[in-house]
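> File run-v2.cif follows (mmCIF, C-alpha atoms and all ligand atoms):
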```
data_structure
#
loop_
_atom_site.label_atom_id
_atom_site.label_comp_id
_atom_site.auth_asym_id
_atom_site.auth_seq_id
_atom_site.Cartn_x
_atom_site.Cartn_y
_atom_site.Cartn_z
CA MET A 1 -4.27 -13.26 -18.90
CA THR A 2 -1.88 -10.45 -19.69
CA LEU A 3 -3.27 -6.92 -19.78
CA THR A 4 -1.68 -4.74 -22.44
CA ALA A 5 -2.12 -1.22 -23.71
CA GLU A 6 -2.71 -2.59 -27.21
CA GLY A 7 -5.29 -5.16 -26.16
CA PRO A 8 -9.03 -4.65 -26.34
CA GLN A 9 -9.39 -4.72 -22.58
CA GLY A 10 -10.79 -1.58 -21.04
CA SER A 11 -9.51 -3.14 -17.84
CA TYR A 12 -5.92 -2.05 -18.60
CA ASP A 13 -6.81 1.63 -18.64
CA ALA A 14 -9.24 1.20 -15.74
CA LEU A 15 -6.44 -0.36 -13.72
CA ARG A 16 -4.13 2.57 -14.44
CA GLU A 17 -6.85 4.92 -13.24
CA ARG A 18 -7.47 2.74 -10.16
CA ILE A 19 -3.78 3.02 -9.23
CA ALA A 20 -3.81 6.80 -9.78
CA VAL A 21 -6.88 7.23 -7.55
CA ALA A 22 -5.33 4.92 -4.95
CA CYS A 23 -2.22 7.13 -4.83
CA ARG A 24 -4.44 10.16 -4.27
CA ALA A 25 -6.34 8.20 -1.60
CA LEU A 26 -3.09 7.55 0.31
CA ALA A 27 -2.43 11.29 0.23
CA VAL A 28 -5.90 12.42 1.42
CA SER A 29 -5.71 9.79 4.18
CA GLY A 30 -2.43 11.23 5.48
CA LEU A 31 -0.31 8.19 4.63
CA VAL A 32 1.96 10.09 2.25
CA GLU A 33 3.03 13.68 2.80
CA HIS A 34 4.77 14.74 -0.37
CA ILE A 35 6.30 13.00 -3.37
CA LEU A 36 7.34 9.64 -1.91
CA GLY A 37 5.39 6.40 -2.22
CA HIS A 38 4.07 4.23 -5.04
CA ILE A 39 1.53 1.56 -5.93
CA SER A 40 1.74 -1.26 -8.47
CA ALA A 41 -0.51 -3.93 -9.94
CA ARG A 42 0.39 -7.13 -11.75
CA THR A 43 -0.59 -7.15 -15.44
CA GLY A 44 0.88 -10.51 -16.42
CA SER A 45 3.39 -13.13 -15.33
CA GLY A 46 6.31 -10.78 -16.02
CA SER A 47 4.87 -7.27 -16.01
CA LEU A 48 3.32 -4.67 -13.76
CA LEU A 49 1.77 -1.23 -13.86
CA VAL A 50 3.56 1.08 -11.44
CA ARG A 51 3.24 4.68 -10.34
CA GLY A 52 6.51 6.31 -11.37
CA ARG A 53 7.66 9.86 -11.98
CA GLY A 54 7.43 12.02 -15.05
CA PRO A 55 9.22 15.32 -15.65
CA GLU A 56 6.27 17.22 -14.13
CA GLU A 57 6.18 15.22 -10.86
CA ARG A 58 3.98 16.94 -8.27
CA GLY A 59 3.56 14.24 -5.64
CA LEU A 60 1.05 11.53 -4.88
CA ALA A 61 -1.89 13.84 -4.15
CA PHE A 62 -1.70 15.04 -7.75
CA THR A 63 -1.13 11.67 -9.41
CA VAL A 64 -2.42 11.44 -12.99
CA VAL A 65 -3.06 8.32 -15.04
CA GLU A 66 0.03 9.09 -17.15
CA ASP A 67 2.20 8.63 -14.03
CA VAL A 68 1.26 4.93 -14.12
CA GLN A 69 3.18 2.96 -16.74
CA GLN A 70 3.88 -0.67 -17.49
CA VAL A 71 7.31 -2.20 -17.02
CA GLY A 72 8.68 -5.72 -16.86
CA LEU A 73 9.88 -7.32 -13.66
CA ASP A 74 13.36 -6.21 -14.75
CA GLY A 75 12.19 -2.58 -14.69
CA THR A 76 12.42 -1.98 -18.43
CA GLY A 77 9.63 -1.21 -20.85
CA GLU A 78 8.36 1.10 -23.55
CA VAL A 79 7.63 4.13 -21.42
CA PRO A 80 7.20 7.83 -22.26
CA THR A 81 10.31 10.01 -22.49
CA GLY A 82 11.20 11.43 -19.11
CA TRP A 83 9.16 8.89 -17.11
CA LYS A 84 11.08 6.77 -14.63
CA PRO A 85 9.97 3.91 -12.39
CA PRO A 86 10.46 4.49 -8.66
CA SER A 87 13.99 3.90 -7.38
CA GLU A 88 12.45 1.38 -4.97
CA LEU A 89 10.88 -0.61 -7.81
CA PRO A 90 12.50 -3.82 -6.41
CA ILE A 91 9.98 -3.62 -3.54
CA HIS A 92 7.25 -4.32 -6.08
CA THR A 93 9.07 -6.72 -8.38
CA GLU A 94 10.44 -8.95 -5.61
CA VAL A 95 7.08 -9.19 -3.84
CA LEU A 96 5.42 -10.11 -7.16
CA ARG A 97 8.17 -12.64 -7.91
CA SER A 98 7.93 -14.37 -4.55
CA ARG A 99 4.18 -14.20 -3.91
CA PRO A 100 2.33 -15.49 -7.01
CA GLU A 101 -1.06 -14.78 -5.43
CA VAL A 102 -0.20 -11.10 -4.88
CA THR A 103 -1.47 -8.79 -7.61
CA ALA A 104 -0.99 -5.34 -6.03
CA VAL A 105 1.64 -3.69 -3.83
CA VAL A 106 1.49 -0.43 -1.88
CA HIS A 107 4.62 1.26 -0.55
CA ALA A 108 4.25 4.40 1.58
CA HIS A 109 5.99 6.34 4.34
CA PRO A 110 3.11 7.08 6.76
CA PRO A 111 4.46 9.45 9.45
CA ALA A 112 2.69 7.61 12.28
CA VAL A 113 4.01 4.22 11.14
CA VAL A 114 7.53 5.65 10.91
CA ALA A 115 7.31 7.21 14.40
CA ALA A 116 5.84 4.07 16.01
CA SER A 117 8.52 1.92 14.39
CA VAL A 118 11.35 4.22 15.50
CA ALA A 119 9.93 4.04 19.03
CA ASP A 120 9.83 0.23 18.67
CA LEU A 121 6.21 0.22 19.84
CA PRO A 122 4.63 -3.24 19.61
CA TRP A 123 2.03 -3.91 16.88
CA LEU A 124 -0.80 -5.08 19.11
CA PRO A 125 -4.60 -5.27 18.86
CA LEU A 126 -5.05 -2.38 21.30
CA VAL A 127 -8.58 -1.80 20.00
CA GLY A 128 -11.32 -4.17 18.87
CA SER A 129 -14.61 -3.15 17.27
CA TYR A 130 -13.23 0.36 16.73
CA ASP A 131 -11.41 -1.04 13.68
CA ILE A 132 -11.90 -4.78 13.16
CA PRO A 133 -9.54 -5.19 10.17
CA ALA A 134 -6.78 -3.44 12.11
CA ALA A 135 -7.42 -5.53 15.24
CA ARG A 136 -7.40 -8.79 13.27
CA LEU A 137 -4.26 -7.74 11.38
CA ALA A 138 -2.43 -7.01 14.64
CA HIS A 139 -3.68 -10.18 16.30
CA ASP A 140 -2.38 -12.30 13.43
CA GLY A 141 0.93 -10.41 13.44
CA VAL A 142 2.51 -7.40 11.77
CA PRO A 143 6.12 -8.23 10.92
CA VAL A 144 8.81 -5.56 11.07
CA TRP A 145 11.82 -5.41 8.77
CA PRO A 146 14.44 -3.78 10.99
CA ARG A 147 16.40 -1.95 8.29
CA SER A 148 15.69 1.57 7.02
CA ALA A 149 17.75 1.28 3.83
CA LEU A 150 16.44 2.58 0.52
CA ILE A 151 15.36 -0.60 -1.25
CA ARG A 152 17.02 -0.03 -4.63
CA ARG A 153 18.48 -3.50 -5.03
CA ARG A 154 16.94 -6.93 -5.36
CA ASP A 155 18.99 -8.36 -2.49
CA LEU A 156 17.62 -5.74 -0.09
CA ALA A 157 14.12 -6.29 -1.44
CA ARG A 158 14.47 -10.03 -0.88
CA GLN A 159 15.34 -9.37 2.79
CA MET A 160 12.20 -7.27 3.10
CA VAL A 161 10.13 -9.96 1.35
CA ALA A 162 11.48 -12.57 3.78
CA ALA A 163 10.27 -10.38 6.66
CA LEU A 164 6.87 -9.96 4.99
CA GLY A 165 6.53 -13.73 4.69
CA ASP A 166 2.95 -14.65 3.86
CA ARG A 167 1.45 -11.67 5.72
CA PRO A 168 -0.63 -8.85 4.19
CA ALA A 169 1.76 -6.09 5.33
CA VAL A 170 5.21 -5.45 6.73
CA VAL A 171 6.50 -2.40 8.60
CA LEU A 172 9.86 -1.09 7.43
CA ARG A 173 11.47 0.35 10.57
CA ALA A 174 12.27 4.08 10.26
CA HIS A 175 11.04 3.99 6.67
CA GLY A 176 7.36 3.08 6.15
CA LEU A 177 5.35 0.06 5.13
CA VAL A 178 4.59 -2.38 2.34
CA ALA A 179 1.07 -3.79 1.97
CA VAL A 180 -0.20 -6.28 -0.60
CA GLY A 181 -3.49 -7.29 -2.15
CA THR A 182 -4.61 -10.45 -3.93
CA GLY A 183 -7.06 -11.56 -6.60
CA ASP A 184 -8.43 -9.34 -9.37
CA PRO A 185 -5.80 -6.54 -9.67
CA ALA A 186 -8.29 -3.66 -9.32
CA HIS A 187 -9.70 -5.24 -6.16
CA ALA A 188 -6.17 -5.98 -5.00
CA VAL A 189 -5.13 -2.32 -5.28
CA ALA A 190 -8.05 -1.34 -3.06
CA GLU A 191 -7.31 -4.20 -0.67
CA ALA A 192 -3.65 -3.23 -0.34
CA VAL A 193 -4.65 0.37 0.38
CA THR A 194 -7.09 -0.72 3.13
CA ARG A 195 -4.35 -2.85 4.68
CA ALA A 196 -1.98 0.12 4.66
CA LEU A 197 -4.72 2.15 6.34
CA ALA A 198 -5.10 -0.57 9.00
CA VAL A 199 -1.37 -0.49 9.80
CA ASP A 200 -1.58 3.31 10.02
CA THR A 201 -4.53 3.03 12.45
CA LEU A 202 -2.51 0.66 14.65
CA ALA A 203 0.40 3.10 14.64
CA ARG A 204 -1.68 6.18 15.43
CA THR A 205 -3.48 4.37 18.27
CA ALA A 206 -0.25 3.03 19.77
CA LEU A 207 1.38 6.48 19.61
CA ALA A 208 -1.65 8.13 21.25
CA VAL A 209 -1.78 5.57 24.08
CA ALA A 210 2.01 5.63 24.61
CA ALA A 211 1.86 9.43 24.83
CA THR A 212 -0.41 9.18 27.90
CA GLY A 213 2.13 6.96 29.65
CA ALA A 214 -0.38 4.11 29.86
CA PRO A 215 0.86 0.60 29.09
CA LEU A 216 0.14 -0.88 25.66
CA ARG A 217 -2.16 -3.81 26.45
CA PRO A 218 -3.83 -5.95 23.80
CA ILE A 219 -7.55 -6.58 24.12
CA PRO A 220 -8.35 -10.06 25.51
CA ASP A 221 -8.56 -13.10 23.25
CA GLU A 222 -12.23 -13.57 24.14
CA ASP A 223 -12.94 -10.17 22.55
CA ILE A 224 -10.78 -10.97 19.54
CA ALA A 225 -12.94 -14.07 19.08
CA GLU A 226 -15.98 -11.78 18.78
CA LEU A 227 -14.47 -9.75 15.92
CA PRO A 228 -15.74 -11.38 12.73
CA ASP A 229 -14.18 -10.93 9.33
CA LEU A 230 -16.82 -8.68 7.78
CA GLY A 231 -15.72 -9.71 4.29
CA PRO A 232 -14.36 -7.93 1.24
CA ALA A 233 -17.68 -6.31 0.23
CA PHE A 234 -17.51 -4.25 3.43
CA ASN A 235 -13.79 -4.12 4.23
CA VAL A 236 -12.58 -3.40 0.70
CA SER A 237 -15.39 -2.40 -1.66
CA ALA A 238 -17.24 -0.06 0.71
CA MET A 239 -13.94 1.40 1.95
CA TRP A 240 -12.86 1.95 -1.64
CA ARG A 241 -16.05 3.85 -2.45
CA HIS A 242 -15.41 5.98 0.65
CA LEU A 243 -11.84 6.66 -0.43
CA GLU A 244 -12.87 7.50 -4.01
CA ALA A 245 -15.42 9.96 -2.63
CA ARG A 246 -12.85 11.53 -0.33
CA VAL A 247 -10.44 11.92 -3.22
CA ARG A 248 -13.19 13.66 -5.21
CA HIS A 249 -14.28 15.94 -2.38
CA GLU A 250 -11.07 16.56 -0.44
CA GLY A 251 -8.40 16.05 -3.06
CA PRO A 252 -7.13 18.57 -5.58
CA ALA A 253 -9.33 19.45 -8.54
CA THR A 254 -6.47 18.46 -10.87
CA PRO A 255 -7.97 16.19 -13.57
CA LEU A 256 -6.98 12.52 -13.39
CA ARG A 257 -5.67 12.68 -16.96
CA ALA A 258 -3.02 15.13 -18.09
ZN ZN A 301 10.42 4.05 0.61
#
```
What do you get writing this file as structure tokens?

Amino acid sequence: MTLTAEGPQGSYDALRERIAVACRALAVSGLVEHILGHISARTGSGSLLVRGRGPEERGLAFTVVEDVQQVGLDGTGEVPTGWKPPSELPIHTEVLRSRPEVTAVVHAHPPAVVAASVADLPWLPLVGSYDIPAARLAHDGVPVWPRSALIRRRDLARQMVAALGDRPAVVLRAHGLVAVGTGDPAHAVAEAVTRALAVDTLARTALAVAATGAPLRPIPDEDIAELPDLGPAFNVSAMWRHLEARVRHEGPATPLRA
């Protein structure tokens, strides 16, 4: 199914709002500081909704629904005057091209992830029950793309996608991260955000431990084996309700629609 602005689906507008709230959630969670970062969701085989920039750009914390517009995988589309897709749009389009099951992409520059990657700290399950999704993510492997180039071209994006492989997230050294979600696009946006949060948790923990001078030691496999996947109702849906509430209570009072 292709979601369109003209179609009868309320889901198209709901998805735009979901992406806008997700951008604000990245900001209130400390994963984006100012105006850099973007989220997309697949709307059809050749199109996506993406958070871009209008002439009144104020940064992710103040994202409005109108910042989220639909473009084709080639970056073109009928968009409002003055609105532009992100310069790193190829991050989104190349992930969507190469991973058919992926329906949402988050790109952010979390300060802790950037610092941990510059320090070349390993992405290990240093903690267990403290944050099970983060521990499981680290145990299964967090790939690192070693380049810090601005990903404005498809060839660079394809290198990044190769590093991502079939994993839920990739760290871009000295740059940030890319996280993906699958399934229903609204769920996928929330899932991609929770995966970005998990990578950020790993980074903040590694930096805190490294700062004490203690070695970075993964928890034992026998403890990993006792960390169940608590499932999407807990890991994604409950986390999303938490994030929505934080956006409402801690975010700016700026209305979601201009
Ligand atoms: Zn970037």
> Let me see if you get this right: every residue at most 9 Å from ligand ZN 301 (chain A), counting all atoms listed in the file, written as a list in words.
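Based on all atoms listed in the file, ligand ZN 301 (chain A) is surrounded within 9 Å by Leu36, Gly37, His38, Ser87, Glu88, Ile91, His107, Ala108, His109, Ser148, Ala149, Leu150, Ile151, Leu172, His175, Gly176, Leu177 and Val178 of chain A.
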> Leaving out A:Met239 and any residue of its chain fewer than 6 positions from it, which residues lie within 10 Å of it when counting all atoms listed in the file, given as a list in words?
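So the residues in contact are Ala190, Glu191, Val193, Thr194, Pro232, Ala233 and Ala245 of chain A.
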> Residues near A:Leu49, anyone? I mean within 6 Å using all atoms listed in the file, not counting same-chain ones fewer than 2 positions away, as a list in words.
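Returned residues: Ser40, Ala41, Gln69 and Gln70 of chain A.
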> Can you pull out every residue within 8 Å of A:Val113, counting all atoms listed in the file, but drop anything in the same chain fewer than 6 positions away, and send it as a list in words?
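Surrounding residues, per the criterion: Val171, Gly176, Leu177, Val199, Asp200, Ala203 and Arg204 of chain A.
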> Dump as a list in words all residues having an atom at most 12 Å from (8.2, -12.4, 6.1), computed in the file's coordinates with only C-alpha atoms.
Val95, Ser98, Arg99, Gly141, Val142, Pro143, Val144, Trp145, Pro146, Ala157, Arg158, Gln159, Met160, Val161, Ala162, Ala163, Leu164, Gly165, Asp166, Arg167, Pro168, Ala169, Val170, Val171, Leu172, Val178 and Ala179 of chain A
> Which polymer residues, protein or nucleic acid, are no farther than 12 Å from (9.2, 6.2, 18.4), counting only C-alpha atoms, as a PyMOL selection string?
chain A and resi 111-122+173-174+203-204+206-208+210-211
> Would you pick out the contacts of A:Leu73 at 12 Å or less, using all atoms listed in the file, so that residues sharing its chain but fewer than 5 positions from it are not included, and give the list as a ChimeraX atom specification?
/A:40-50,85,89-98,154
> Kindly give the distance, in Å, that separates atom CA of A:Thr103 and atom CA of A:Gly75, rounded to a single decimal.
16.6 Å
> Could you tell me how far atom CA of A:Leu227 sits from atom CA of A:Ala188, in Å to one decimal place?
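Going from atom CA of A:Ala188 over to atom CA of A:Leu227, I get 22.8 Å.
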> Which residues come within 9 Å of A:Gly82, counting all atoms listed in the file, excluding same-chain residues fewer than 2 positions away, as a PyMOL selection string?
chain A and resi 53-55+79-80+84
> Centre and edge lengths, as JSON, for the axis-aligned box enclosing every listed atom of stretch 234-243 of chain A with 3 Å of padding on each of the six sides, in Å to one decimal?

```
{"center_x": -14.7, "center_y": 1.2, "center_z": 0.9, "size_x": 11.7, "size_y": 16.9, "size_z": 12.7}
```
> Which distance in Å separates atom CA of A:Arg152 and atom CA of A:Glu57, to one decimal?
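For atom CA of A:Arg152 relative to atom CA of A:Glu57, the distance reads 19.7 Å.
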> Using all atoms listed in the file for the distances, tell me which of A:Ser129, A:Thr76, A:Ser29, A:Thr81 is nearest to A:Asp229.
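Under the stated criterion, the closest residue is A:Ser129.
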> Which stretch 174-194 of chain A residues have any atom within 9 Å of an atom of stretch 11-19 of chain A, and for each, what is the nearest pair of atoms with distance in Å to one decimal, counting all atoms listed in the file, rows sorted by chain and number, as a Markdown table?

```
| residue | atom | partner | partner_atom | distance |
| --- | --- | --- | --- | --- |
| A:Pro185 | CA | A:Leu15 | CA | 7.4 |
| A:Ala186 | CA | A:Leu15 | CA | 5.8 |
| A:Val189 | CA | A:Ile19 | CA | 6.8 |
| A:Ala190 | CA | A:Arg18 | CA | 8.2 |
```
> Which one of A:Arg246, A:Leu60, A:Val236, A:Trp123 sits closest to A:Thr205 if you count all atoms listed in the file?
A:Trp123
